[in-house]
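Engineer: Dropping the structure in here first, questions after.
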Number of protein chains: 2
Amino acid sequence: MSTETVVRQVMSDAEAMATPFIKSLVALIRADDTYGVWEEKGDGDLLAEFIVTADERREIPIIGDPDPDLIDRVEKYYRAVGLAVERETGLMASPMMTMHYEGFGRVILTTGKLVIFSKSLRDVHRFGFDSLAALAAEGGKVVAKAMKEIETYPEVARA
Amino acid sequence: MSTETVVRQVMSDAEAMATPFIKSLVALIRADDTYGVWEEKGDGDLLAEFIVTADERREIPIIGDPDPDLIDRVEKYYRAVGLAVERETGLMASPMMTMHYEGFGRVILTTGKLVIFSKSLRDVHRFGFDSLAALAAEGGKVVAKAMKEIETYPEVARA
């Protein structure tokens with residue numbers, strides 16, 4: 001929590017919107033808008049569904065299977081990480097996500113034969129970020145981590 | 001198809017049953033048998049659901065979503081590959097599988113930070129093998145391929 005507070009203070013909304021991760025996320029959301037329904041909407045509005053404050057999160061029950069919309073959102077988050085990595089490195093980074101019962105699951109991102117990110121998911125019901133800055137910072141961290149793996153094992157990422 | 005014919009001729013059922021892949025598959029099936037219902041059943045009987053002849057396969061329509069039992073079987077097949085790799089190398093090999101609509105999907109196996117196997121799945125409806133020997137040979141091929149990746153990038157597999 002304290003890290004997020006710091007982040008919120010150091011990154012403005014405009015700065016957050018300019019990060020490669022957020023730009024990729026917006027691009028993916030707009031790509032889904034086949035009929036141009038959201039054309040008039042600003043990027044901030046499109047990202048609103050990712051913003052869930054700590055208080056709101058606490059209220060969400062973590063029983064039962066998460067909503068398909070929510071799973072879709074988590075998937076989009078990791079696809080945006082992949083797209084940002086791809087734009088920065090020129091290497092395709094594809095996410096793969098499985099959801100089991102009750103909000104548990106796993107996500108991995110691979111580039112070539114390299115696993116550039118792997119995480120167990122839980123409490124997916126409560127997926128969301130305090131602010132745009134927190135979303136940008138957290139997504140950016142995953143992008144940075146993934147890119148570092150590519151740097152460490154460049155030949156495997158290209159295999 | 002011609003490869004499978006050759007395989008069938010060169011491997012007896014007893015030889016097939018003795019392969020690390022088939023042994024792992026049987027172990028996984030038995031592990032699911034919490035109540036000992038299949039205790040009296042021979043290993044061959046347990047594997048019968050994996051044997052689908054070419055003629056039988058052709059009869060299966062490939063429309064709609066595949067049966068959950070079938071998806072479970074495909075998953076078990078790749079978990080057996082992972083288990084066989086683990087038994088041979090001492091390294092944990094975990095499969096991850098996603099199924100989309102209409103029998104399309106993807107499976108990958110990872111060890112450490114290495115992708116040791118990756119495949120697009122399609123026509124999952126028709127998943128099955130001509131004979132025990134074909135099942136052993138095909139599964140064995142995947143095991144061999146995965147182990148070769150570990151040999152090529154040992155430090156990534158241990159990362």
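If you're wondering about the labels, chains in the structure tokens are A, B, ... by order shown, residues count from 1 in each chain, ligands from 1 in order shown.
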Need the shell around Ala18 (chain A): protein/DNA/RNA residues with any atom at most 12 Å away, counting only C-alpha atoms. Skip same-chain ones fewer than 2 positions apart. Format as a PyMOL selection string?

Structural biologist: chain A and resi 11-16+20-26+43-44+132-133+136-137+140

Engineer: Could you fit chain A onto chain B by least squares over every C-alpha atom, paired in order, and give me the moved chain as an mmCIF file with C-alpha atoms, in the first residue's frame?

Structural biologist:
```cif
data_model
loop_
_atom_site.group_PDB
_atom_site.id
_atom_site.type_symbol
_atom_site.label_atom_id
_atom_site.label_comp_id
_atom_site.auth_asym_id
_atom_site.auth_seq_id
_atom_site.Cartn_x
_atom_site.Cartn_y
_atom_site.Cartn_z
ATOM 1 C CA MET A 1 -0.294 -42.561 -40.544
ATOM 2 C CA SER A 2 2.568 -44.540 -42.029
ATOM 3 C CA THR A 3 4.810 -43.684 -39.094
ATOM 4 C CA GLU A 4 2.175 -44.964 -36.710
ATOM 5 C CA THR A 5 1.920 -48.209 -38.636
ATOM 6 C CA VAL A 6 5.650 -48.705 -38.338
ATOM 7 C CA VAL A 7 5.513 -47.878 -34.647
ATOM 8 C CA ARG A 8 2.729 -50.356 -34.094
ATOM 9 C CA GLN A 9 4.816 -53.033 -35.649
ATOM 10 C CA VAL A 10 7.949 -52.299 -33.670
ATOM 11 C CA MET A 11 6.445 -51.867 -30.198
ATOM 12 C CA SER A 12 4.408 -54.530 -28.456
ATOM 13 C CA ASP A 13 1.777 -53.651 -25.844
ATOM 14 C CA ALA A 14 4.134 -54.827 -23.108
ATOM 15 C CA GLU A 15 6.905 -52.617 -24.439
ATOM 16 C CA ALA A 16 4.501 -49.685 -24.668
ATOM 17 C CA MET A 17 3.400 -50.192 -21.052
ATOM 18 C CA ALA A 18 7.023 -50.107 -19.927
ATOM 19 C CA THR A 19 7.774 -46.659 -21.382
ATOM 20 C CA PRO A 20 8.233 -43.769 -18.914
ATOM 21 C CA PHE A 21 5.399 -41.874 -20.579
ATOM 22 C CA ILE A 22 2.801 -44.643 -20.241
ATOM 23 C CA LYS A 23 3.914 -45.409 -16.699
ATOM 24 C CA SER A 24 3.410 -41.746 -15.807
ATOM 25 C CA LEU A 25 0.019 -41.656 -17.482
ATOM 26 C CA VAL A 26 -1.141 -44.737 -15.579
ATOM 27 C CA ALA A 27 0.170 -43.250 -12.329
ATOM 28 C CA LEU A 28 -1.834 -40.063 -12.917
ATOM 29 C CA ILE A 29 -5.023 -41.955 -13.735
ATOM 30 C CA ARG A 30 -4.626 -44.091 -10.612
ATOM 31 C CA ALA A 31 -3.932 -40.967 -8.526
ATOM 32 C CA ASP A 32 -7.370 -39.686 -9.544
ATOM 33 C CA ASP A 33 -8.996 -42.859 -8.278
ATOM 34 C CA THR A 34 -9.492 -41.582 -4.738
ATOM 35 C CA TYR A 35 -11.985 -44.275 -3.793
ATOM 36 C CA GLY A 36 -10.166 -47.236 -5.311
ATOM 37 C CA VAL A 37 -12.959 -47.937 -7.788
ATOM 38 C CA TRP A 38 -10.482 -48.905 -10.498
ATOM 39 C CA GLU A 39 -8.210 -50.920 -8.259
ATOM 40 C CA GLU A 40 -9.233 -54.180 -9.904
ATOM 41 C CA LYS A 41 -8.789 -52.744 -13.370
ATOM 42 C CA GLY A 42 -5.651 -53.494 -15.352
ATOM 43 C CA ASP A 43 -3.485 -50.662 -16.666
ATOM 44 C CA GLY A 44 -4.571 -51.464 -20.210
ATOM 45 C CA ASP A 45 -8.239 -50.956 -19.285
ATOM 46 C CA LEU A 46 -7.446 -47.586 -17.739
ATOM 47 C CA LEU A 47 -5.816 -46.476 -20.979
ATOM 48 C CA ALA A 48 -8.638 -47.728 -23.203
ATOM 49 C CA GLU A 49 -10.236 -44.270 -23.372
ATOM 50 C CA PHE A 50 -7.107 -42.968 -25.117
ATOM 51 C CA ILE A 51 -7.408 -45.494 -27.925
ATOM 52 C CA VAL A 52 -9.579 -44.265 -30.786
ATOM 53 C CA THR A 53 -8.975 -45.776 -34.198
ATOM 54 C CA ALA A 54 -8.674 -43.663 -37.334
ATOM 55 C CA ASP A 55 -12.087 -44.858 -38.480
ATOM 56 C CA GLU A 56 -13.693 -43.952 -35.160
ATOM 57 C CA ARG A 57 -12.002 -40.557 -35.228
ATOM 58 C CA ARG A 58 -13.355 -39.780 -38.671
ATOM 59 C CA GLU A 59 -16.896 -40.343 -37.398
ATOM 60 C CA ILE A 60 -16.582 -37.784 -34.610
ATOM 61 C CA PRO A 61 -18.050 -34.413 -35.581
ATOM 62 C CA ILE A 62 -15.718 -31.500 -34.898
ATOM 63 C CA ILE A 63 -18.428 -28.943 -34.225
ATOM 64 C CA GLY A 64 -19.315 -27.462 -30.868
ATOM 65 C CA ASP A 65 -17.183 -27.461 -27.757
ATOM 66 C CA PRO A 66 -15.419 -30.695 -26.851
ATOM 67 C CA ASP A 67 -16.687 -32.746 -23.959
ATOM 68 C CA PRO A 68 -15.187 -31.848 -20.528
ATOM 69 C CA ASP A 69 -14.118 -35.509 -20.156
ATOM 70 C CA LEU A 70 -12.188 -35.242 -23.374
ATOM 71 C CA ILE A 71 -10.479 -31.998 -22.342
ATOM 72 C CA ASP A 72 -9.588 -33.697 -19.096
ATOM 73 C CA ARG A 73 -8.027 -36.548 -21.061
ATOM 74 C CA VAL A 74 -5.924 -34.208 -23.199
ATOM 75 C CA GLU A 75 -4.815 -32.435 -20.041
ATOM 76 C CA LYS A 76 -3.869 -35.760 -18.460
ATOM 77 C CA TYR A 77 -1.842 -36.662 -21.543
ATOM 78 C CA TYR A 78 0.294 -33.519 -21.176
ATOM 79 C CA ARG A 79 0.520 -33.855 -17.404
ATOM 80 C CA ALA A 80 1.904 -37.347 -18.036
ATOM 81 C CA VAL A 81 4.503 -35.847 -20.365
ATOM 82 C CA GLY A 82 5.441 -33.426 -17.584
ATOM 83 C CA LEU A 83 5.636 -36.193 -15.004
ATOM 84 C CA ALA A 84 7.786 -38.380 -17.262
ATOM 85 C CA VAL A 85 10.160 -35.457 -17.864
ATOM 86 C CA GLU A 86 10.276 -34.816 -14.120
ATOM 87 C CA ARG A 87 11.084 -38.445 -13.359
ATOM 88 C CA GLU A 88 13.857 -38.496 -15.951
ATOM 89 C CA THR A 89 15.439 -35.123 -15.186
ATOM 90 C CA GLY A 90 14.478 -34.353 -11.591
ATOM 91 C CA LEU A 91 13.143 -30.990 -12.762
ATOM 92 C CA MET A 92 9.508 -30.080 -12.297
ATOM 93 C CA ALA A 93 7.724 -29.741 -15.627
ATOM 94 C CA SER A 94 4.298 -28.163 -15.434
ATOM 95 C CA PRO A 95 1.803 -28.069 -18.247
ATOM 96 C CA MET A 96 -0.596 -25.245 -18.867
ATOM 97 C CA MET A 97 -3.496 -25.672 -21.250
ATOM 98 C CA THR A 98 -6.168 -23.338 -22.492
ATOM 99 C CA MET A 99 -9.168 -24.409 -24.518
ATOM 100 C CA HIS A 100 -11.042 -21.929 -26.598
ATOM 101 C CA TYR A 101 -14.240 -22.551 -28.494
ATOM 102 C CA GLU A 102 -14.739 -25.423 -30.884
ATOM 103 C CA GLY A 103 -11.757 -27.527 -29.897
ATOM 104 C CA PHE A 104 -9.030 -24.972 -30.471
ATOM 105 C CA GLY A 105 -6.507 -24.322 -27.759
ATOM 106 C CA ARG A 106 -2.900 -24.215 -26.739
ATOM 107 C CA VAL A 107 -0.728 -26.224 -24.452
ATOM 108 C CA ILE A 108 2.720 -25.382 -23.144
ATOM 109 C CA LEU A 109 5.052 -27.134 -20.761
ATOM 110 C CA THR A 110 7.595 -25.173 -18.784
ATOM 111 C CA THR A 111 10.556 -26.093 -16.598
ATOM 112 C CA GLY A 112 12.015 -23.223 -14.634
ATOM 113 C CA LYS A 113 12.003 -20.333 -17.087
ATOM 114 C CA LEU A 114 12.195 -22.577 -20.140
ATOM 115 C CA VAL A 115 9.342 -23.453 -22.473
ATOM 116 C CA ILE A 116 10.104 -27.096 -23.180
ATOM 117 C CA PHE A 117 7.055 -27.743 -25.353
ATOM 118 C CA SER A 118 4.430 -25.595 -27.028
ATOM 119 C CA LYS A 119 1.647 -26.633 -29.336
ATOM 120 C CA SER A 120 -1.546 -25.269 -30.802
ATOM 121 C CA LEU A 121 -4.373 -27.686 -30.296
ATOM 122 C CA ARG A 122 -7.120 -28.230 -32.803
ATOM 123 C CA ASP A 123 -9.767 -30.817 -33.500
ATOM 124 C CA VAL A 124 -9.468 -31.798 -29.864
ATOM 125 C CA HIS A 125 -12.766 -33.630 -30.422
ATOM 126 C CA ARG A 126 -10.808 -36.297 -32.259
ATOM 127 C CA PHE A 127 -8.055 -36.685 -29.685
ATOM 128 C CA GLY A 128 -7.017 -40.313 -29.461
ATOM 129 C CA PHE A 129 -4.496 -42.849 -30.701
ATOM 130 C CA ASP A 130 -4.724 -45.874 -32.953
ATOM 131 C CA SER A 131 -3.165 -48.235 -30.460
ATOM 132 C CA LEU A 132 -1.326 -48.423 -27.187
ATOM 133 C CA ALA A 133 1.933 -48.438 -29.139
ATOM 134 C CA ALA A 134 0.908 -45.266 -30.990
ATOM 135 C CA LEU A 135 -0.028 -43.580 -27.684
ATOM 136 C CA ALA A 136 3.324 -44.590 -26.175
ATOM 137 C CA ALA A 137 5.243 -43.477 -29.251
ATOM 138 C CA GLU A 138 3.515 -40.102 -29.598
ATOM 139 C CA GLY A 139 3.729 -39.306 -25.883
ATOM 140 C CA GLY A 140 7.326 -40.491 -25.888
ATOM 141 C CA LYS A 141 8.142 -38.140 -28.759
ATOM 142 C CA VAL A 142 6.849 -35.162 -26.777
ATOM 143 C CA VAL A 143 8.859 -36.280 -23.728
ATOM 144 C CA ALA A 144 12.009 -36.606 -25.872
ATOM 145 C CA LYS A 145 11.458 -33.196 -27.462
ATOM 146 C CA ALA A 146 10.955 -31.574 -24.051
ATOM 147 C CA MET A 147 14.054 -33.234 -22.621
ATOM 148 C CA LYS A 148 16.100 -32.073 -25.568
ATOM 149 C CA GLU A 149 15.128 -28.474 -24.817
ATOM 150 C CA ILE A 150 16.301 -28.908 -21.238
ATOM 151 C CA GLU A 151 19.597 -30.271 -22.520
ATOM 152 C CA THR A 152 19.984 -27.308 -24.860
ATOM 153 C CA TYR A 153 19.258 -24.667 -22.213
ATOM 154 C CA PRO A 154 20.065 -26.315 -18.875
ATOM 155 C CA GLU A 155 20.603 -23.070 -16.977
ATOM 156 C CA VAL A 156 17.244 -21.634 -18.062
ATOM 157 C CA ALA A 157 15.463 -24.858 -17.108
ATOM 158 C CA ARG A 158 16.991 -24.508 -13.655
ATOM 159 C CA ALA A 159 16.304 -20.758 -13.346
#
```

Engineer: Based on the backbone DSSP call, show me all residues of region 31-106 of chain A assigned helix (DSSP H, G or I), as number ranges by chain.

Structural biologist: A: 31, 43-50, 54-59, 68-89, 101-103

Engineer: Keeping only N, CA, C and O atoms, write the selected residues as a compact mmCIF listing (two decimals), in the first residue's frame.

Structural biologist:
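Writing the result to part.txt gives the following:
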```
# COMPACT_ATOMS: atom_id res chain seq x y z
N ALA A 31 -9.07 -1.69 -29.78
CA ALA A 31 -9.11 -2.72 -30.83
C ALA A 31 -10.36 -3.59 -30.70
O ALA A 31 -10.86 -4.14 -31.68
N ASP A 43 -9.51 8.23 -23.25
CA ASP A 43 -8.75 7.07 -22.79
C ASP A 43 -8.97 6.81 -21.30
O ASP A 43 -9.04 5.66 -20.86
N GLY A 44 -9.07 7.89 -20.54
CA GLY A 44 -9.28 7.75 -19.10
C GLY A 44 -10.58 7.01 -18.79
O GLY A 44 -10.62 6.15 -17.90
N ASP A 45 -11.64 7.31 -19.55
CA ASP A 45 -12.93 6.64 -19.35
C ASP A 45 -12.81 5.15 -19.63
O ASP A 45 -13.41 4.32 -18.95
N LEU A 46 -12.05 4.82 -20.68
CA LEU A 46 -11.90 3.42 -21.05
C LEU A 46 -11.20 2.62 -19.95
O LEU A 46 -11.42 1.43 -19.79
N LEU A 47 -10.34 3.32 -19.21
CA LEU A 47 -9.55 2.64 -18.18
C LEU A 47 -10.26 2.61 -16.82
O LEU A 47 -9.78 1.98 -15.88
N ALA A 48 -11.39 3.32 -16.75
CA ALA A 48 -12.08 3.46 -15.46
C ALA A 48 -12.39 2.12 -14.81
O ALA A 48 -12.33 1.98 -13.58
N GLU A 49 -12.69 1.10 -15.62
CA GLU A 49 -13.05 -0.20 -15.04
C GLU A 49 -11.86 -0.88 -14.33
O GLU A 49 -12.07 -1.80 -13.55
N PHE A 50 -10.66 -0.39 -14.60
CA PHE A 50 -9.49 -0.96 -13.92
C PHE A 50 -9.23 -0.31 -12.56
O PHE A 50 -8.40 -0.78 -11.79
N ALA A 54 -9.09 0.70 -2.65
CA ALA A 54 -8.89 -0.31 -1.61
C ALA A 54 -10.19 -0.55 -0.85
O ALA A 54 -10.52 -1.70 -0.53
N ASP A 55 -10.92 0.49 -0.57
CA ASP A 55 -12.19 0.35 0.15
C ASP A 55 -13.20 -0.45 -0.67
O ASP A 55 -13.87 -1.35 -0.15
N GLU A 56 -13.29 -0.13 -1.95
CA GLU A 56 -14.20 -0.86 -2.83
C GLU A 56 -13.81 -2.34 -2.91
O GLU A 56 -14.66 -3.22 -2.90
N ARG A 57 -12.50 -2.56 -3.00
CA ARG A 57 -12.01 -3.94 -3.11
C ARG A 57 -12.39 -4.77 -1.89
O ARG A 57 -12.79 -5.91 -2.01
N ARG A 58 -12.25 -4.15 -0.73
CA ARG A 58 -12.57 -4.86 0.51
C ARG A 58 -14.02 -5.33 0.55
O ARG A 58 -14.34 -6.34 1.16
N GLU A 59 -14.88 -4.59 -0.10
CA GLU A 59 -16.32 -4.90 -0.09
C GLU A 59 -16.69 -6.08 -0.99
O GLU A 59 -17.75 -6.64 -0.87
N PRO A 68 -17.12 -13.22 -15.82
CA PRO A 68 -16.38 -13.30 -17.09
C PRO A 68 -15.77 -11.96 -17.52
O PRO A 68 -14.67 -11.91 -18.06
N ASP A 69 -16.51 -10.86 -17.27
CA ASP A 69 -16.00 -9.53 -17.60
C ASP A 69 -14.70 -9.23 -16.87
O ASP A 69 -13.79 -8.60 -17.41
N LEU A 70 -14.66 -9.67 -15.64
CA LEU A 70 -13.49 -9.43 -14.80
C LEU A 70 -12.30 -10.24 -15.32
O LEU A 70 -11.18 -9.74 -15.44
N ILE A 71 -12.56 -11.50 -15.63
CA ILE A 71 -11.50 -12.37 -16.16
C ILE A 71 -10.96 -11.77 -17.46
O ILE A 71 -9.76 -11.74 -17.70
N ASP A 72 -11.87 -11.26 -18.25
CA ASP A 72 -11.50 -10.61 -19.49
C ASP A 72 -10.58 -9.41 -19.24
O ASP A 72 -9.63 -9.17 -19.98
N ARG A 73 -10.88 -8.69 -18.18
CA ARG A 73 -10.09 -7.51 -17.81
C ARG A 73 -8.67 -7.90 -17.38
O ARG A 73 -7.70 -7.27 -17.78
N VAL A 74 -8.60 -8.96 -16.57
CA VAL A 74 -7.28 -9.45 -16.12
C VAL A 74 -6.47 -9.89 -17.34
O VAL A 74 -5.29 -9.60 -17.47
N GLU A 75 -7.16 -10.59 -18.24
CA GLU A 75 -6.50 -11.08 -19.45
C GLU A 75 -5.98 -9.89 -20.28
O GLU A 75 -4.87 -9.93 -20.82
N LYS A 76 -6.79 -8.86 -20.38
CA LYS A 76 -6.40 -7.67 -21.14
C LYS A 76 -5.18 -6.99 -20.52
O LYS A 76 -4.29 -6.52 -21.22
N TYR A 77 -5.15 -6.97 -19.20
CA TYR A 77 -4.02 -6.40 -18.47
C TYR A 77 -2.71 -7.10 -18.89
O TYR A 77 -1.73 -6.45 -19.23
N TYR A 78 -2.73 -8.44 -18.92
CA TYR A 78 -1.51 -9.17 -19.26
C TYR A 78 -1.22 -9.14 -20.76
O TYR A 78 -0.06 -9.17 -21.17
N ARG A 79 -2.27 -9.03 -21.57
CA ARG A 79 -2.03 -8.87 -23.00
C ARG A 79 -1.37 -7.52 -23.26
O ARG A 79 -0.51 -7.39 -24.14
N ALA A 80 -1.75 -6.51 -22.46
CA ALA A 80 -1.13 -5.19 -22.59
C ALA A 80 0.34 -5.23 -22.19
O ALA A 80 1.18 -4.58 -22.81
N VAL A 81 0.64 -6.02 -21.17
CA VAL A 81 2.05 -6.21 -20.80
C VAL A 81 2.80 -6.80 -21.99
O VAL A 81 3.86 -6.30 -22.39
N GLY A 82 2.22 -7.85 -22.58
CA GLY A 82 2.84 -8.50 -23.73
C GLY A 82 3.05 -7.54 -24.89
O GLY A 82 4.12 -7.51 -25.51
N LEU A 83 2.03 -6.74 -25.16
CA LEU A 83 2.12 -5.78 -26.27
C LEU A 83 3.19 -4.72 -26.01
O LEU A 83 3.96 -4.37 -26.91
N ALA A 84 3.25 -4.25 -24.76
CA ALA A 84 4.26 -3.24 -24.42
C ALA A 84 5.67 -3.83 -24.59
O ALA A 84 6.56 -3.18 -25.14
N VAL A 85 5.85 -5.07 -24.14
CA VAL A 85 7.15 -5.74 -24.29
C VAL A 85 7.49 -5.86 -25.78
O VAL A 85 8.62 -5.60 -26.20
N GLU A 86 6.48 -6.24 -26.56
CA GLU A 86 6.68 -6.42 -28.00
C GLU A 86 7.10 -5.10 -28.66
O GLU A 86 8.00 -5.07 -29.50
N ARG A 87 6.43 -4.02 -28.27
CA ARG A 87 6.74 -2.72 -28.85
C ARG A 87 8.15 -2.25 -28.47
O ARG A 87 8.81 -1.57 -29.24
N GLU A 88 8.58 -2.63 -27.28
CA GLU A 88 9.90 -2.18 -26.81
C GLU A 88 11.03 -3.05 -27.36
O GLU A 88 12.13 -2.57 -27.59
N THR A 89 10.74 -4.35 -27.54
CA THR A 89 11.83 -5.27 -27.89
C THR A 89 11.73 -5.81 -29.32
O THR A 89 12.70 -6.38 -29.82
N TYR A 101 -11.38 -22.58 -10.37
CA TYR A 101 -12.52 -22.19 -9.54
C TYR A 101 -12.14 -21.07 -8.56
O TYR A 101 -10.99 -20.91 -8.19
N GLU A 102 -13.13 -20.33 -8.19
CA GLU A 102 -13.03 -19.39 -7.07
C GLU A 102 -11.92 -18.34 -7.18
O GLU A 102 -11.37 -17.88 -6.18
N GLY A 103 -11.59 -17.97 -8.41
CA GLY A 103 -10.65 -16.86 -8.56
C GLY A 103 -9.18 -17.21 -8.46
O GLY A 103 -8.33 -16.33 -8.35
```
